[in-house]
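The next block is upload.cif, given as mmCIF, C-alpha atoms and all ligand atoms; chains and numbers go by the auth columns.
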data_query
loop_
_atom_site.group_PDB
_atom_site.id
_atom_site.type_symbol
_atom_site.label_atom_id
_atom_site.label_comp_id
_atom_site.label_asym_id
_atom_site.label_seq_id
_atom_site.Cartn_x
_atom_site.Cartn_y
_atom_site.Cartn_z
_atom_site.B_iso_or_equiv
_atom_site.auth_seq_id
_atom_site.auth_asym_id
ATOM 1 C CA MET A 1 -30.869 12.122 29.663 0.00 1 A
ATOM 2 C CA ALA A 2 -27.162 11.502 29.041 0.00 2 A
ATOM 3 C CA SER A 3 -26.355 9.510 25.918 0.00 3 A
ATOM 4 C CA ALA A 4 -24.589 6.193 26.374 0.00 4 A
ATOM 5 C CA GLN A 5 -21.245 5.494 24.729 0.00 5 A
ATOM 6 C CA ARG A 6 -19.461 2.374 23.683 0.00 6 A
ATOM 7 C CA THR A 7 -15.957 1.670 22.490 0.00 7 A
ATOM 8 C CA ALA A 8 -15.738 0.301 18.954 0.00 8 A
ATOM 9 C CA GLN A 9 -12.837 -0.706 16.729 0.00 9 A
ATOM 10 C CA LYS A 10 -12.307 1.155 13.485 0.00 10 A
ATOM 11 C CA LYS A 11 -9.596 0.674 10.888 0.00 11 A
ATOM 12 C CA LYS A 12 -7.346 3.552 9.870 0.00 12 A
ATOM 13 C CA VAL A 13 -4.260 3.580 7.726 0.00 13 A
ATOM 14 C CA HIS A 14 -0.865 4.175 9.331 0.00 14 A
ATOM 15 C CA ILE A 15 1.941 5.659 7.243 0.00 15 A
ATOM 16 C CA LYS A 16 5.431 4.274 7.769 0.00 16 A
ATOM 17 C CA GLN A 17 7.200 7.463 6.736 0.00 17 A
ATOM 18 C CA GLU A 18 10.624 5.822 6.787 0.00 18 A
ATOM 19 C CA TRP A 19 9.499 3.424 4.023 0.00 19 A
ATOM 20 C CA CYS A 20 7.721 6.007 1.846 0.00 20 A
ATOM 21 C CA LYS A 21 9.678 7.246 -1.151 0.00 21 A
ATOM 22 C CA GLY A 22 7.082 9.834 -2.147 0.00 22 A
ATOM 23 C CA CYS A 23 5.888 8.352 -5.441 0.00 23 A
ATOM 24 C CA GLY A 24 2.348 9.695 -4.923 0.00 24 A
ATOM 25 C CA ILE A 25 0.537 6.564 -6.124 0.00 25 A
ATOM 26 C CA CYS A 26 -1.540 6.309 -2.950 0.00 26 A
ATOM 27 C CA VAL A 27 -2.641 9.932 -3.262 0.00 27 A
ATOM 28 C CA ALA A 28 -3.990 9.207 -6.739 0.00 28 A
ATOM 29 C CA PHE A 29 -5.910 6.088 -5.693 0.00 29 A
ATOM 30 C CA CYS A 30 -7.467 7.133 -2.359 0.00 30 A
ATOM 31 C CA PRO A 31 -11.222 7.315 -3.069 0.00 31 A
ATOM 32 C CA LYS A 32 -11.757 9.717 -0.156 0.00 32 A
ATOM 33 C CA GLY A 33 -9.043 12.154 -1.224 0.00 33 A
ATOM 34 C CA VAL A 34 -7.599 12.217 2.287 0.00 34 A
ATOM 35 C CA LEU A 35 -3.964 11.601 1.317 0.00 35 A
ATOM 36 C CA THR A 36 -1.794 14.525 0.203 0.00 36 A
ATOM 37 C CA MET A 37 1.873 15.076 -0.539 0.00 37 A
ATOM 38 C CA SER A 38 3.746 17.474 1.706 0.00 38 A
ATOM 39 C CA PRO A 39 6.242 19.966 0.250 0.00 39 A
ATOM 40 C CA ARG A 40 8.964 17.649 1.594 0.00 40 A
ATOM 41 C CA GLY A 41 7.634 14.814 -0.599 0.00 41 A
ATOM 42 C CA LYS A 42 6.037 12.781 2.193 0.00 42 A
ATOM 43 C CA VAL A 43 2.477 11.537 2.371 0.00 43 A
ATOM 44 C CA GLU A 44 0.150 13.094 4.916 0.00 44 A
ATOM 45 C CA LEU A 45 -3.200 11.710 6.044 0.00 45 A
ATOM 46 C CA ASP A 46 -6.331 13.523 7.174 0.00 46 A
ATOM 47 C CA ALA A 47 -6.928 10.675 9.609 0.00 47 A
ATOM 48 C CA PRO A 48 -10.468 11.474 10.815 0.00 48 A
ATOM 49 C CA LYS A 49 -11.725 11.234 7.220 0.00 49 A
ATOM 50 C CA CYS A 50 -10.009 7.924 6.391 0.00 50 A
ATOM 51 C CA SER A 51 -12.586 5.164 5.866 0.00 51 A
ATOM 52 C CA GLY A 52 -10.072 2.367 6.392 0.00 52 A
ATOM 53 C CA CYS A 53 -10.863 0.835 3.003 0.00 53 A
ATOM 54 C CA GLY A 54 -7.221 -0.238 2.500 0.00 54 A
ATOM 55 C CA ILE A 55 -7.049 0.636 -1.195 0.00 55 A
ATOM 56 C CA CYS A 56 -3.985 2.847 -0.721 0.00 56 A
ATOM 57 C CA GLY A 57 -2.082 -0.026 0.863 0.00 57 A
ATOM 58 C CA MET A 58 -2.817 -2.288 -2.100 0.00 58 A
ATOM 59 C CA PHE A 59 -1.085 0.132 -4.465 0.00 59 A
ATOM 60 C CA CYS A 60 1.918 1.229 -2.380 0.00 60 A
ATOM 61 C CA PRO A 61 5.013 -0.402 -3.910 0.00 61 A
ATOM 62 C CA ASP A 62 6.964 0.063 -0.677 0.00 62 A
ATOM 63 C CA PHE A 63 4.461 -1.421 1.811 0.00 63 A
ATOM 64 C CA ALA A 64 4.478 1.896 3.654 0.00 64 A
ATOM 65 C CA LEU A 65 0.719 1.938 4.309 0.00 65 A
ATOM 66 C CA VAL A 66 -0.610 -0.406 6.965 0.00 66 A
ATOM 67 C CA LEU A 67 -4.163 -0.721 8.244 0.00 67 A
ATOM 68 C CA GLN A 68 -4.446 -0.612 12.009 0.00 68 A
ATOM 69 C CA GLU A 69 -7.425 -0.917 14.294 0.00 69 A
ATOM 70 C CA GLU A 70 -7.986 1.794 16.837 0.00 70 A
ATOM 71 C CA ASP A 71 -10.544 2.338 19.556 0.00 71 A
ATOM 72 C CA VAL A 72 -13.171 4.992 18.884 0.00 72 A
ATOM 73 C CA GLN A 73 -15.991 6.196 21.096 0.00 73 A
ATOM 74 C CA GLU A 74 -19.446 5.900 19.590 0.00 74 A
ATOM 75 C CA CYS A 75 -22.601 7.521 20.933 0.00 75 A
ATOM 76 C CA LEU A 76 -25.618 5.264 21.392 0.00 76 A
ATOM 77 C CA LYS A 77 -29.070 6.816 21.231 0.00 77 A
HETATM 78 S S1 LIG B . -7.543 3.478 3.790 0.00 101 A
HETATM 79 FE FE1 LIG B . -8.880 4.156 2.070 0.00 101 A
HETATM 80 S S2 LIG B . -9.729 6.159 2.747 0.00 101 A
HETATM 81 FE FE2 LIG B . -7.981 5.693 4.093 0.00 101 A
HETATM 82 S S3 LIG B . -6.230 6.745 3.131 0.00 101 A
HETATM 83 FE FE3 LIG B . -6.245 4.618 2.343 0.00 101 A
HETATM 84 S S4 LIG B . -7.423 4.678 0.419 0.00 101 A
HETATM 85 FE FE4 LIG B . -7.847 6.577 1.559 0.00 101 A
HETATM 86 S S1 LIG B . 2.350 4.808 -2.556 0.00 102 A
HETATM 87 FE FE1 LIG B . 3.669 4.298 -0.772 0.00 102 A
HETATM 88 S S2 LIG B . 5.727 5.031 -1.336 0.00 102 A
HETATM 89 FE FE2 LIG B . 4.266 5.989 -2.756 0.00 102 A
HETATM 90 S S3 LIG B . 3.786 7.999 -1.785 0.00 102 A
HETATM 91 FE FE3 LIG B . 2.223 6.508 -1.081 0.00 102 A
HETATM 92 S S4 LIG B . 3.038 5.717 0.878 0.00 102 A
HETATM 93 FE FE4 LIG B . 4.751 6.683 -0.203 0.00 102 A
#
Starting from the file, lay out its structure as structure tokens.
Amino acid sequence: MASAQRTAQKKKVHIKQEWCKGCGICVAFCPKGVLTMSPRGKVELDAPKCSGCGICGMFCPDFALVLQEEDVQECLK
């Protein structure tokens, strides 16, 4: 029997790279460890592992981290 799916909303953080000055504060505070600094001094996100908790955004002094809702497909058993 094929499993049913539904569309759900999940929060993920979006990085406004043009506002990020590369201080690294968000990397230090992310409880999931999914933020890293690139060699160019910009923040990168392992998006599938982001829980959407929003903690990084609370600590960014430049408001460069914004929570956004996105559609995800969930399997129903
Ligand atoms: S929203 Fe939470 S899990 Fe996602 S990057 Fe920010 S601190 Fe990490
Ligand atoms: S806290 Fe904000 S400005 Fe600092 S590295 Fe993270 S996103 Fe960039």
Nearest-residue call for ligand LIG 101 (chain A), choices A:Lys42, A:Lys32, A:Lys16, A:Arg6, using only C-alpha atoms and all ligand atoms: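 Closest to ligand LIG 101 (chain A) of all the choices is A:Lys32.
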Report the closest atom pair, with its distance in Å rounded to one decimal, for each residue of chain A that has an atom no farther than 10 Å from ligand LIG 101 (chain A); count all atoms listed in the file, sort by chain and then rising residue number, and write it as JSON lines.
{"residue": "A:Lys11", "atom": "CA", "partner": "A:LIG101", "partner_atom": "S1", "distance": 7.9}
{"residue": "A:Lys12", "atom": "CA", "partner": "A:LIG101", "partner_atom": "S1", "distance": 6.1}
{"residue": "A:Val13", "atom": "CA", "partner": "A:LIG101", "partner_atom": "S1", "distance": 5.1}
{"residue": "A:His14", "atom": "CA", "partner": "A:LIG101", "partner_atom": "S3", "distance": 8.6}
{"residue": "A:Ile15", "atom": "CA", "partner": "A:LIG101", "partner_atom": "S3", "distance": 9.2}
{"residue": "A:Cys26", "atom": "CA", "partner": "A:LIG101", "partner_atom": "S4", "distance": 7.0}
{"residue": "A:Val27", "atom": "CA", "partner": "A:LIG101", "partner_atom": "FE4", "distance": 7.8}
{"residue": "A:Ala28", "atom": "CA", "partner": "A:LIG101", "partner_atom": "S4", "distance": 9.1}
{"residue": "A:Phe29", "atom": "CA", "partner": "A:LIG101", "partner_atom": "S4", "distance": 6.5}
{"residue": "A:Cys30", "atom": "CA", "partner": "A:LIG101", "partner_atom": "S4", "distance": 3.7}
{"residue": "A:Pro31", "atom": "CA", "partner": "A:LIG101", "partner_atom": "FE4", "distance": 5.8}
{"residue": "A:Lys32", "atom": "CA", "partner": "A:LIG101", "partner_atom": "S2", "distance": 5.0}
{"residue": "A:Gly33", "atom": "CA", "partner": "A:LIG101", "partner_atom": "FE4", "distance": 6.3}
{"residue": "A:Val34", "atom": "CA", "partner": "A:LIG101", "partner_atom": "FE4", "distance": 5.7}
{"residue": "A:Leu35", "atom": "CA", "partner": "A:LIG101", "partner_atom": "S3", "distance": 5.7}
{"residue": "A:Thr36", "atom": "CA", "partner": "A:LIG101", "partner_atom": "S3", "distance": 9.4}
{"residue": "A:Val43", "atom": "CA", "partner": "A:LIG101", "partner_atom": "S3", "distance": 10.0}
{"residue": "A:Glu44", "atom": "CA", "partner": "A:LIG101", "partner_atom": "S3", "distance": 9.2}
{"residue": "A:Leu45", "atom": "CA", "partner": "A:LIG101", "partner_atom": "S3", "distance": 6.5}
{"residue": "A:Asp46", "atom": "CA", "partner": "A:LIG101", "partner_atom": "S3", "distance": 7.9}
{"residue": "A:Ala47", "atom": "CA", "partner": "A:LIG101", "partner_atom": "FE2", "distance": 7.5}
{"residue": "A:Pro48", "atom": "CA", "partner": "A:LIG101", "partner_atom": "FE2", "distance": 9.2}
{"residue": "A:Lys49", "atom": "CA", "partner": "A:LIG101", "partner_atom": "S2", "distance": 7.1}
{"residue": "A:Cys50", "atom": "CA", "partner": "A:LIG101", "partner_atom": "FE2", "distance": 3.8}
{"residue": "A:Ser51", "atom": "CA", "partner": "A:LIG101", "partner_atom": "S2", "distance": 4.3}
{"residue": "A:Gly52", "atom": "CA", "partner": "A:LIG101", "partner_atom": "S1", "distance": 3.8}
{"residue": "A:Cys53", "atom": "CA", "partner": "A:LIG101", "partner_atom": "FE1", "distance": 4.0}
{"residue": "A:Gly54", "atom": "CA", "partner": "A:LIG101", "partner_atom": "S1", "distance": 3.9}
{"residue": "A:Ile55", "atom": "CA", "partner": "A:LIG101", "partner_atom": "S4", "distance": 4.4}
{"residue": "A:Cys56", "atom": "CA", "partner": "A:LIG101", "partner_atom": "S4", "distance": 4.1}
{"residue": "A:Gly57", "atom": "CA", "partner": "A:LIG101", "partner_atom": "FE3", "distance": 6.4}
{"residue": "A:Met58", "atom": "CA", "partner": "A:LIG101", "partner_atom": "S4", "distance": 8.7}
{"residue": "A:Phe59", "atom": "CA", "partner": "A:LIG101", "partner_atom": "S4", "distance": 9.2}
{"residue": "A:Leu65", "atom": "CA", "partner": "A:LIG101", "partner_atom": "FE3", "distance": 7.7}
{"residue": "A:Val66", "atom": "CA", "partner": "A:LIG101", "partner_atom": "S1", "distance": 8.6}
{"residue": "A:Leu67", "atom": "CA", "partner": "A:LIG101", "partner_atom": "S1", "distance": 7.0}
{"residue": "A:Gln68", "atom": "CA", "partner": "A:LIG101", "partner_atom": "S1", "distance": 9.7}
Length of the CA of Gly41 in chain A to CA of Glu70 in chain A vector [Å]: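 Rounded to one decimal, the two atoms are 26.8 Å apart.
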Sort by chain and increasing residue number a table of all residues of chain A within 6 Å of ligand LIG 102 (chain A), each with its closest pair of atoms and their distance in Å to one decimal, counting all atoms listed in the file, and write it as a Markdown table.
| residue | atom | partner | partner_atom | distance |
| --- | --- | --- | --- | --- |
| A:Cys20 | CA | A:LIG102 | FE4 | 3.7 |
| A:Lys21 | CA | A:LIG102 | S2 | 4.5 |
| A:Gly22 | CA | A:LIG102 | S3 | 3.8 |
| A:Cys23 | CA | A:LIG102 | FE2 | 3.9 |
| A:Gly24 | CA | A:LIG102 | S3 | 3.8 |
| A:Ile25 | CA | A:LIG102 | S1 | 4.4 |
| A:Cys26 | CA | A:LIG102 | S1 | 4.2 |
| A:Val43 | CA | A:LIG102 | S3 | 5.6 |
| A:Cys60 | CA | A:LIG102 | S1 | 3.6 |
| A:Pro61 | CA | A:LIG102 | FE1 | 5.8 |
| A:Asp62 | CA | A:LIG102 | S2 | 5.2 |
| A:Ala64 | CA | A:LIG102 | S4 | 4.9 |
| A:Leu65 | CA | A:LIG102 | S4 | 5.6 |
